[in-house]
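Next up, protein.tsv (TSV, C-alpha atoms and all ligand atoms):
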chain	number	residue	atom	x	y	z
G	12	MET	CA	90.22	218.84	60.64
G	13	ASP	CA	92.10	218.34	57.37
G	14	LYS	CA	92.81	221.99	56.60
G	15	GLU	CA	94.79	221.16	53.47
G	16	LEU	CA	91.87	219.22	51.93
G	17	LEU	CA	89.39	221.96	52.82
G	18	GLU	CA	91.54	224.72	51.36
G	19	ARG	CA	92.15	222.74	48.17
G	20	THR	CA	88.44	222.06	47.72
G	21	ALA	CA	87.51	225.69	48.39
G	22	ARG	CA	90.09	226.97	45.90
G	23	GLU	CA	88.93	224.49	43.27
G	24	LEU	CA	85.31	225.60	43.64
G	25	VAL	CA	86.33	229.16	42.76
G	26	SER	CA	88.98	228.30	40.17
G	27	PRO	CA	89.18	230.69	37.19
G	28	GLY	CA	86.13	230.79	34.93
G	29	ARG	CA	84.12	228.44	37.12
G	30	GLY	CA	81.40	228.64	39.72
G	31	VAL	CA	78.76	226.53	41.42
G	32	LEU	CA	75.41	225.31	40.12
G	33	ALA	CA	72.84	225.28	42.93
G	34	ALA	CA	70.54	222.37	42.04
G	35	ASP	CA	69.63	221.62	45.65
G	36	GLU	CA	66.03	222.80	45.67
G	37	SER	CA	64.17	220.88	48.35
G	38	ASN	CA	61.52	218.40	47.15
G	39	GLY	CA	58.84	220.95	47.95
G	40	THR	CA	60.51	223.81	46.08
G	41	MET	CA	61.44	221.67	43.08
G	42	SER	CA	57.92	220.27	42.91
G	43	ASN	CA	56.51	223.81	42.87
G	44	ARG	CA	58.90	224.82	40.10
G	45	LEU	CA	57.97	221.79	38.00
G	46	GLN	CA	54.29	222.42	38.56
G	47	ALA	CA	54.69	226.04	37.54
G	48	VAL	CA	55.83	224.89	34.09
G	49	GLY	CA	53.12	222.23	33.84
G	50	ILE	CA	55.00	219.09	34.90
G	51	ALA	CA	53.49	216.78	37.51
G	52	PRO	CA	56.03	216.51	40.34
G	53	SER	CA	57.42	213.15	41.48
G	54	PRO	CA	60.82	211.78	42.46
G	55	GLU	CA	61.21	210.55	38.87
G	56	ALA	CA	60.22	213.93	37.39
G	57	ARG	CA	62.81	215.66	39.59
G	58	ARG	CA	65.45	213.06	38.69
G	59	ALA	CA	64.79	213.16	34.96
G	60	TYR	CA	65.03	216.96	34.75
G	61	ARG	CA	68.25	217.10	36.77
G	62	ALA	CA	69.89	214.08	35.13
G	63	ASN	CA	69.35	215.78	31.78
G	64	LEU	CA	70.89	219.00	33.13
G	65	PHE	CA	73.90	217.16	34.55
G	66	ALA	CA	74.46	215.35	31.22
G	67	THR	CA	74.98	218.66	29.36
G	68	GLU	CA	78.12	218.60	27.27
G	69	GLY	CA	81.05	220.82	28.23
G	70	TYR	CA	79.58	222.65	31.21
G	71	GLU	CA	82.44	221.50	33.43
G	72	SER	CA	84.45	224.44	32.05
G	73	ALA	CA	81.96	226.77	33.76
G	74	VAL	CA	80.82	224.66	36.70
G	75	SER	CA	83.24	223.49	39.40
G	76	GLY	CA	80.62	222.05	41.73
G	77	VAL	CA	76.94	221.16	41.89
G	78	ILE	CA	74.92	221.39	45.10
G	79	LEU	CA	72.52	218.46	45.39
G	80	PHE	CA	69.53	217.75	47.62
G	81	ASP	CA	69.44	214.55	49.71
G	82	GLU	CA	67.06	212.89	47.25
G	83	THR	CA	69.27	213.68	44.26
G	84	ILE	CA	72.60	212.54	45.69
G	85	ARG	CA	71.01	209.08	45.96
G	86	GLN	CA	69.58	209.09	42.43
G	87	HIS	CA	71.05	207.89	39.14
G	88	MET	CA	71.67	209.21	35.65
G	89	ASP	CA	69.70	207.72	32.74
G	90	ASP	CA	72.57	205.25	32.15
G	91	GLY	CA	72.28	203.98	35.73
G	92	ALA	CA	75.43	205.66	37.09
G	93	PRO	CA	75.08	207.30	40.51
G	94	ILE	CA	74.74	211.08	40.07
G	95	PRO	CA	77.63	212.06	42.40
G	96	GLU	CA	79.96	209.61	40.61
G	97	THR	CA	79.04	211.01	37.22
G	98	LEU	CA	79.75	214.56	38.39
G	99	SER	CA	83.10	213.57	39.95
G	100	SER	CA	84.15	211.71	36.80
G	101	ARG	CA	83.73	214.96	34.87
G	102	GLY	CA	85.81	216.96	37.34
G	103	ILE	CA	82.78	218.53	39.02
G	104	LEU	CA	82.68	218.41	42.82
G	105	PRO	CA	79.41	217.11	44.27
G	106	GLY	CA	78.00	219.23	47.09
G	107	ILE	CA	75.07	218.73	49.42
G	108	LYS	CA	72.46	220.95	51.05
G	109	VAL	CA	72.45	219.93	54.70
G	110	ASP	CA	69.99	222.31	56.30
G	111	THR	CA	66.43	221.07	56.62
G	112	GLY	CA	64.74	224.38	55.90
G	113	THR	CA	63.56	227.44	57.76
G	114	LYS	CA	61.01	227.65	60.57
G	115	GLU	CA	59.34	230.59	62.28
G	116	MET	CA	61.60	231.87	65.04
G	117	PRO	CA	59.84	231.58	68.40
G	118	HIS	CA	58.67	234.93	69.85
G	119	HIS	CA	59.91	236.77	66.76
G	120	PRO	CA	57.00	237.12	64.35
G	121	GLY	CA	58.14	237.34	60.75
G	122	GLU	CA	61.64	236.04	61.39
G	123	LYS	CA	63.03	232.61	60.51
G	124	VAL	CA	65.67	230.33	61.85
G	125	THR	CA	67.18	227.49	59.84
G	126	GLU	CA	67.05	223.96	61.21
G	127	GLY	CA	69.13	220.84	60.58
G	128	LEU	CA	71.88	220.58	63.23
G	129	ASP	CA	70.49	217.39	64.79
G	130	GLY	CA	72.33	214.41	63.37
G	131	LEU	CA	74.39	216.66	61.10
G	132	ARG	CA	77.73	215.06	61.96
G	133	ASP	CA	76.53	211.58	60.91
G	134	ARG	CA	74.88	212.89	57.77
G	135	CYS	CA	78.12	214.64	56.79
G	136	THR	CA	80.07	211.41	57.26
G	137	GLU	CA	77.64	209.63	54.97
G	138	TYR	CA	77.65	212.37	52.32
G	139	PHE	CA	81.47	212.47	52.28
G	140	ALA	CA	81.50	208.70	51.68
G	141	MET	CA	79.08	209.26	48.79
G	142	GLY	CA	81.53	211.68	47.20
G	143	ALA	CA	80.36	215.07	48.49
G	144	ARG	CA	83.19	217.52	49.13
G	145	PHE	CA	81.26	220.61	50.12
G	146	ALA	CA	77.96	221.57	51.74
G	147	LYS	CA	75.46	224.39	51.91
G	148	TRP	CA	73.33	225.87	54.67
G	149	ARG	CA	71.01	228.78	53.97
G	150	ALA	CA	69.96	231.25	56.63
G	151	VAL	CA	67.25	233.72	55.69
G	152	ILE	CA	67.19	237.31	56.90
G	153	GLY	CA	64.10	239.27	55.92
G	154	ILE	CA	63.79	243.05	55.98
G	155	GLY	CA	60.63	244.73	57.26
G	156	ASP	CA	59.23	246.85	60.08
G	157	GLY	CA	61.52	246.13	63.03
G	158	ILE	CA	62.98	243.19	61.13
G	159	PRO	CA	65.57	241.79	61.37
G	160	SER	CA	66.01	241.94	65.12
G	161	GLU	CA	69.43	241.52	66.68
G	162	ASP	CA	68.23	238.17	68.02
G	163	GLY	CA	67.20	237.04	64.56
G	164	ILE	CA	70.60	237.82	63.15
G	165	SER	CA	72.48	236.36	66.08
G	166	VAL	CA	70.71	232.97	66.24
G	167	ASN	CA	71.16	232.47	62.52
G	168	ALA	CA	74.83	233.47	62.73
G	169	HIS	CA	75.36	231.06	65.61
G	170	VAL	CA	73.75	228.18	63.74
G	171	LEU	CA	75.70	228.93	60.54
G	172	ALA	CA	78.95	228.70	62.47
G	173	ARG	CA	77.83	225.47	64.20
G	174	TYR	CA	77.07	223.98	60.78
G	175	ALA	CA	80.36	225.18	59.30
G	176	SER	CA	82.49	223.71	62.05
G	177	ILE	CA	80.75	220.31	61.89
G	178	CYS	CA	81.17	220.17	58.09
G	179	GLN	CA	84.85	221.03	58.31
G	180	GLU	CA	85.46	218.32	60.89
G	181	GLN	CA	83.98	215.87	58.36
G	182	GLY	CA	86.01	217.14	55.37
G	183	LEU	CA	83.27	219.17	53.71
G	184	VAL	CA	83.83	222.81	52.75
G	185	PRO	CA	80.92	224.79	54.17
G	186	ILE	CA	79.23	227.30	51.93
G	187	ILE	CA	78.00	229.81	54.49
G	188	GLU	CA	74.83	231.42	53.15
G	189	PRO	CA	73.25	234.25	55.12
G	190	GLU	CA	70.72	235.48	52.56
G	191	VAL	CA	69.26	238.94	53.04
G	192	LEU	CA	66.07	238.72	51.02
G	193	MET	CA	65.08	241.03	48.16
G	194	ASP	CA	61.40	240.90	49.23
G	195	GLY	CA	60.06	244.21	50.51
G	196	SER	CA	60.14	247.89	49.70
G	197	HIS	CA	63.38	248.79	51.51
G	198	ASP	CA	66.04	250.73	49.63
G	199	ALA	CA	69.57	249.64	48.77
G	200	GLN	CA	71.10	251.46	51.75
G	201	ARG	CA	68.93	249.42	54.13
G	202	CYS	CA	70.02	246.25	52.35
G	203	PHE	CA	73.64	247.40	52.73
G	204	ASP	CA	73.21	247.99	56.48
G	205	VAL	CA	71.44	244.69	57.16
G	206	THR	CA	73.93	242.77	55.03
G	207	ALA	CA	76.82	244.41	56.89
G	208	GLN	CA	75.31	243.59	60.28
G	209	THR	CA	74.61	240.00	59.20
G	210	LEU	CA	78.13	239.45	57.87
G	211	ASP	CA	79.70	240.89	61.04
G	212	ALA	CA	77.62	238.61	63.26
G	213	THR	CA	78.29	235.56	61.08
G	214	PHE	CA	82.05	235.97	60.98
G	215	ALA	CA	82.20	236.80	64.69
G	216	GLU	CA	80.46	233.48	65.42
G	217	CYS	CA	82.76	231.69	62.99
G	218	ALA	CA	85.77	233.10	64.84
G	219	ALA	CA	84.31	232.15	68.23
G	220	GLN	CA	83.75	228.57	67.02
G	221	ASP	CA	87.12	228.22	65.25
G	222	VAL	CA	85.73	227.86	61.75
G	223	HIS	CA	88.70	227.64	59.36
G	224	ILE	CA	88.01	230.57	57.05
G	225	PRO	CA	90.51	229.57	54.29
G	226	GLY	CA	88.53	226.32	54.02
G	227	SER	CA	85.11	228.03	53.71
G	228	LEU	CA	83.13	229.94	51.09
G	229	LEU	CA	80.58	232.71	51.60
G	230	LYS	CA	77.33	232.80	49.64
G	231	PRO	CA	75.84	236.25	50.13
G	232	ASN	CA	73.15	238.33	48.50
G	233	MET	CA	74.21	241.33	46.47
G	234	VAL	CA	73.38	244.78	47.84
G	235	ILE	CA	70.25	245.69	45.97
G	236	ALA	CA	66.99	247.58	46.59
G	237	GLY	CA	63.95	245.53	47.62
G	238	LYS	CA	61.73	244.34	44.77
G	239	GLY	CA	58.97	246.70	45.90
G	240	CYS	CA	61.21	249.76	46.29
G	241	GLU	CA	60.41	252.71	44.03
G	242	THR	CA	64.05	253.72	43.78
G	243	GLN	CA	65.92	250.94	42.04
G	244	ILE	CA	69.64	251.53	41.60
G	245	SER	CA	71.77	250.94	38.51
G	246	ARG	CA	73.79	247.81	37.85
G	247	GLU	CA	76.96	249.82	38.44
G	248	GLU	CA	75.68	250.94	41.86
G	249	VAL	CA	74.76	247.37	42.83
G	250	ALA	CA	78.27	246.21	41.94
G	251	GLN	CA	79.94	249.09	43.79
G	252	LEU	CA	77.83	248.83	46.97
G	253	THR	CA	78.22	245.06	47.05
G	254	VAL	CA	82.01	245.15	46.75
G	255	ASP	CA	82.17	247.99	49.32
G	256	CYS	CA	80.07	246.02	51.79
G	257	LEU	CA	82.09	242.84	51.35
G	258	THR	CA	85.41	244.68	51.56
G	259	GLN	CA	84.38	246.18	54.88
G	260	HIS	CA	82.80	243.07	56.44
G	261	VAL	CA	84.42	239.88	55.07
G	262	PRO	CA	87.72	238.44	56.35
G	263	GLN	CA	90.70	238.74	54.02
G	264	ASP	CA	91.61	235.06	54.22
G	265	LEU	CA	88.30	233.81	52.80
G	266	PRO	CA	89.12	232.24	49.41
G	267	GLY	CA	85.91	233.01	47.61
G	268	ILE	CA	82.51	234.58	47.50
G	269	VAL	CA	79.85	232.77	45.48
G	270	PHE	CA	76.76	234.90	45.10
G	271	LEU	CA	73.18	233.67	45.13
G	272	SER	CA	70.89	235.12	42.48
G	273	GLY	CA	67.94	235.55	44.85
G	274	GLY	CA	65.28	236.41	42.29
G	275	GLN	CA	67.32	238.74	40.06
G	276	SER	CA	66.75	238.29	36.33
G	277	ASP	CA	69.23	235.94	34.64
G	278	GLU	CA	70.92	238.80	32.88
G	279	ASP	CA	71.10	241.08	35.93
G	280	ALA	CA	72.78	238.33	37.93
G	281	THR	CA	75.39	237.90	35.20
G	282	ALA	CA	75.84	241.64	34.58
G	283	HIS	CA	76.31	242.43	38.27
G	284	LEU	CA	78.97	239.75	38.67
G	285	ASN	CA	80.68	240.88	35.48
G	286	LEU	CA	80.81	244.49	36.68
G	287	MET	CA	82.28	243.48	40.02
G	288	ASN	CA	85.00	241.57	38.21
G	289	THR	CA	85.87	244.57	36.03
G	290	MET	CA	86.18	247.00	38.95
G	291	ASP	CA	89.53	248.33	40.01
G	292	ALA	CA	88.80	247.58	43.66
G	293	GLU	CA	91.45	245.48	45.36
G	294	HIS	CA	89.99	242.45	47.06
G	295	PRO	CA	91.61	239.21	48.12
G	296	TRP	CA	88.74	236.80	47.39
G	297	GLN	CA	87.49	235.36	44.11
G	298	LEU	CA	84.06	236.68	43.12
G	299	SER	CA	81.96	233.92	41.61
G	300	TYR	CA	78.48	232.43	41.45
G	301	SER	CA	76.41	229.76	43.11
G	302	TYR	CA	73.25	230.47	41.18
G	303	GLY	CA	70.10	228.39	41.22
G	304	ARG	CA	67.38	230.22	39.34
G	305	ALA	CA	69.76	232.42	37.30
G	306	LEU	CA	71.35	229.27	35.82
G	307	GLN	CA	68.27	227.11	35.54
G	308	SER	CA	65.11	229.09	34.91
G	309	GLN	CA	65.26	229.00	31.11
G	310	ALA	CA	66.51	225.40	31.15
G	311	LEU	CA	63.45	224.41	33.17
G	312	ARG	CA	61.06	226.20	30.82
G	313	GLU	CA	62.66	224.45	27.84
G	314	TRP	CA	62.45	221.08	29.59
G	315	ALA	CA	58.72	221.58	29.89
G	316	GLY	CA	58.43	222.40	26.18
G	317	ALA	CA	56.28	220.12	24.12
G	318	GLY	CA	58.86	219.19	21.46
G	319	ILE	CA	60.72	215.88	21.33
G	320	ASP	CA	63.85	218.03	21.54
G	321	SER	CA	63.05	219.46	24.98
G	322	GLY	CA	66.01	217.69	26.65
G	323	ALA	CA	68.48	219.15	24.18
G	324	ALA	CA	66.81	222.57	24.33
G	325	SER	CA	67.05	222.54	28.12
G	326	GLN	CA	70.75	221.67	27.91
G	327	ARG	CA	71.36	224.46	25.38
G	328	ALA	CA	69.70	227.01	27.67
G	329	PHE	CA	71.72	225.84	30.67
G	330	SER	CA	74.93	225.76	28.66
G	331	HIS	CA	74.38	229.33	27.51
G	332	ARG	CA	73.82	230.71	31.02
G	333	ALA	CA	76.78	228.73	32.36
G	334	LYS	CA	78.98	230.20	29.61
G	335	MET	CA	77.73	233.76	30.24
G	336	ASN	CA	78.45	233.50	33.97
G	337	SER	CA	81.82	231.90	33.32
G	338	LEU	CA	82.74	234.97	31.22
G	339	ALA	CA	81.51	237.22	34.04
G	340	ARG	CA	84.15	235.66	36.29
G	341	SER	CA	86.78	237.62	34.39
G	342	GLY	CA	84.70	240.62	33.35
G	343	ASP	CA	84.54	239.36	29.76
G	344	TRP	CA	80.74	239.17	29.46
G	345	SER	CA	78.88	241.71	27.38
G	346	GLU	CA	75.23	242.22	26.57
G	347	GLU	CA	75.75	241.44	22.84
G	348	LEU	CA	76.78	237.86	23.75
G	349	GLU	CA	73.22	237.25	24.99
G	350	ALA	CA	71.75	237.56	21.53
Z	401	LIG	P1	69.12	231.33	43.73
Z	401	LIG	O1	70.35	231.66	42.90
Z	401	LIG	O2	67.94	230.90	42.90
Z	401	LIG	O3	68.82	232.40	44.72
Z	401	LIG	O4	69.46	230.03	44.56
Z	401	LIG	C1	70.66	229.93	45.16
Z	401	LIG	C2	70.52	229.10	46.36
Z	401	LIG	O5	71.06	228.04	46.42
Z	401	LIG	C3	69.71	229.60	47.47
Z	401	LIG	O6	69.97	228.85	48.62
Mind converting the file's structure to structure tokens?
Amino acid sequence: MDKELLERTARELVSPGRGVLAADESNGTMSNRLQAVGIAPSPEARRAYRANLFATEGYESAVSGVILFDETIRQHMDDGAPIPETLSSRGILPGIKVDTGTKEMPHHPGEKVTEGLDGLRDRCTEYFAMGARFAKWRAVIGIGDGIPSEDGISVNAHVLARYASICQEQGLVPIIEPEVLMDGSHDAQRCFDVTAQTLDATFAECAAQDVHIPGSLLKPNMVIAGKGCETQISREEVAQLTVDCLTQHVPQDLPGIVFLSGGQSDEDATAHLNLMNTMDAEHPWQLSYSYGRALQSQALREWAGAGIDSGAASQRAFSHRAKMNSLARSGDWSEELEA
């Protein structure tokens, strides 16, 4: 394991003012999102939308890395250049989603386990040769009646650590993503407790499997009430509970935390991150973003617009959200800048 390379890559991904763009929606998810805005899905439709996004001017000041899906890392920009090469040439690290999705966990109705370990070592070797320098694996922890079970948390933690150690052996920084979902009517305290339990289990497995924490990044949910909960908490409370939870349950030598947006509104995702970066709380890790929807939702709507200018409009929307989140890295975002 090349610890020096891993640490350098991890630090670069969370360098000041920058974060990660998650553009690694699986073919199924991306097709659904295109269809939802009226575009017929196809490999070319997915390529054209993303190539336009990746050609946006200047976003490298806000984006240190882009997570790609297997289809996309093999695709080309409009000028024929391979997508990972184009990103690298602009100082953006290409990343790759290496899990193959979630499946029902046997004997545990309502719980999921993420698949994709088979053949992972060889796939990582190939992705590294294609220019990838980091990877992502998403585990999903739902909250409901009797859910999550200890088993559900522990199998996902085990698999996350297996993934992380294989990636590190192959020179890829693992983004470790145990996502506690916002679906449901649970309150913020329940989200706090489940997130805490999930983080403890994940880092215990990482320790047991010798994952090199300074060469890893964590991609967690924020601590937030379920979408269906009657008692929603304020942005300030989300920021405070999230930092408290992370401070109590994340190792000190982790270089960075890159949040997922998980269905929050674009502005909430930015405001929460901004608040966390203005707090007095002492914490050793960088607090940054690895947003999918919160960076892309408006860009996708603009792409589907009827005008001949839809490519430029999509880039403007993406550029704006990237800039807003970049400012949130240092607590310099404010609501007026959204106008
Ligand atoms: P969202 O920010 O849309 O939750 O996506 C991030 C991600 O990559 C989930 O795996």
Handout entry: Selection: 12 Å around Ala218 (chain G), all atoms listed in the file, excl. self and same-chain fewer than 6 positions, as a list in words
Key =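 Surrounding residues, per the criterion: Ala168, His169, Leu171, Ala172, Arg173, Ala175, Ser176, Asp211, Ala212, Ile224, Val261 and Pro262 of chain G.
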Practice task
Find the spatial neighbours of Gln263 (chain G), counting all atoms listed in the file, within a cut-off of 12 Å - ignore same-chain residues fewer than 4 positions away - and output them as a PyMOL selection string.
Solution key: chain G and resi 214+224-225+228+257-259+267-268+293-297
Which chain G residues have any atom within 7 Å of an atom of ligand LIG 401 (chain Z), and for each, what is the nearest pair of atoms with distance in Å to one decimal, counting all atoms listed in the file, rows sorted by chain and number, as a tab-separated table?
residue	atom	partner	partner_atom	distance
G:Ala33	CA	Z:LIG401	O5	4.8
G:Asp35	CA	Z:LIG401	O5	6.6
G:Arg149	CA	Z:LIG401	O6	5.5
G:Leu271	CA	Z:LIG401	O1	4.1
G:Ser272	CA	Z:LIG401	O1	3.5
G:Gly273	CA	Z:LIG401	O3	3.3
G:Gly274	CA	Z:LIG401	O3	5.9
G:Ser301	CA	Z:LIG401	C1	6.1
G:Tyr302	CA	Z:LIG401	O1	3.6
G:Gly303	CA	Z:LIG401	O1	3.7
G:Arg304	CA	Z:LIG401	O2	3.7
G:Ala305	CA	Z:LIG401	O1	5.7
Exercise for the section: Find the spatial neighbours of Leu17 (chain G), counting all atoms listed in the file, within a cut-off of 8 Å - ignore same-chain residues fewer than 2 positions away - and output them as a ChimeraX atom specification. Expected result: /G:13-15,19-21,179,182-184,225-227
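Proximity ranking of G:Ser42, G:Thr97, G:Ser160, G:Ser165 relative to Glu122 (chain G) places G:Ser160 first, based on all atoms listed in the file.
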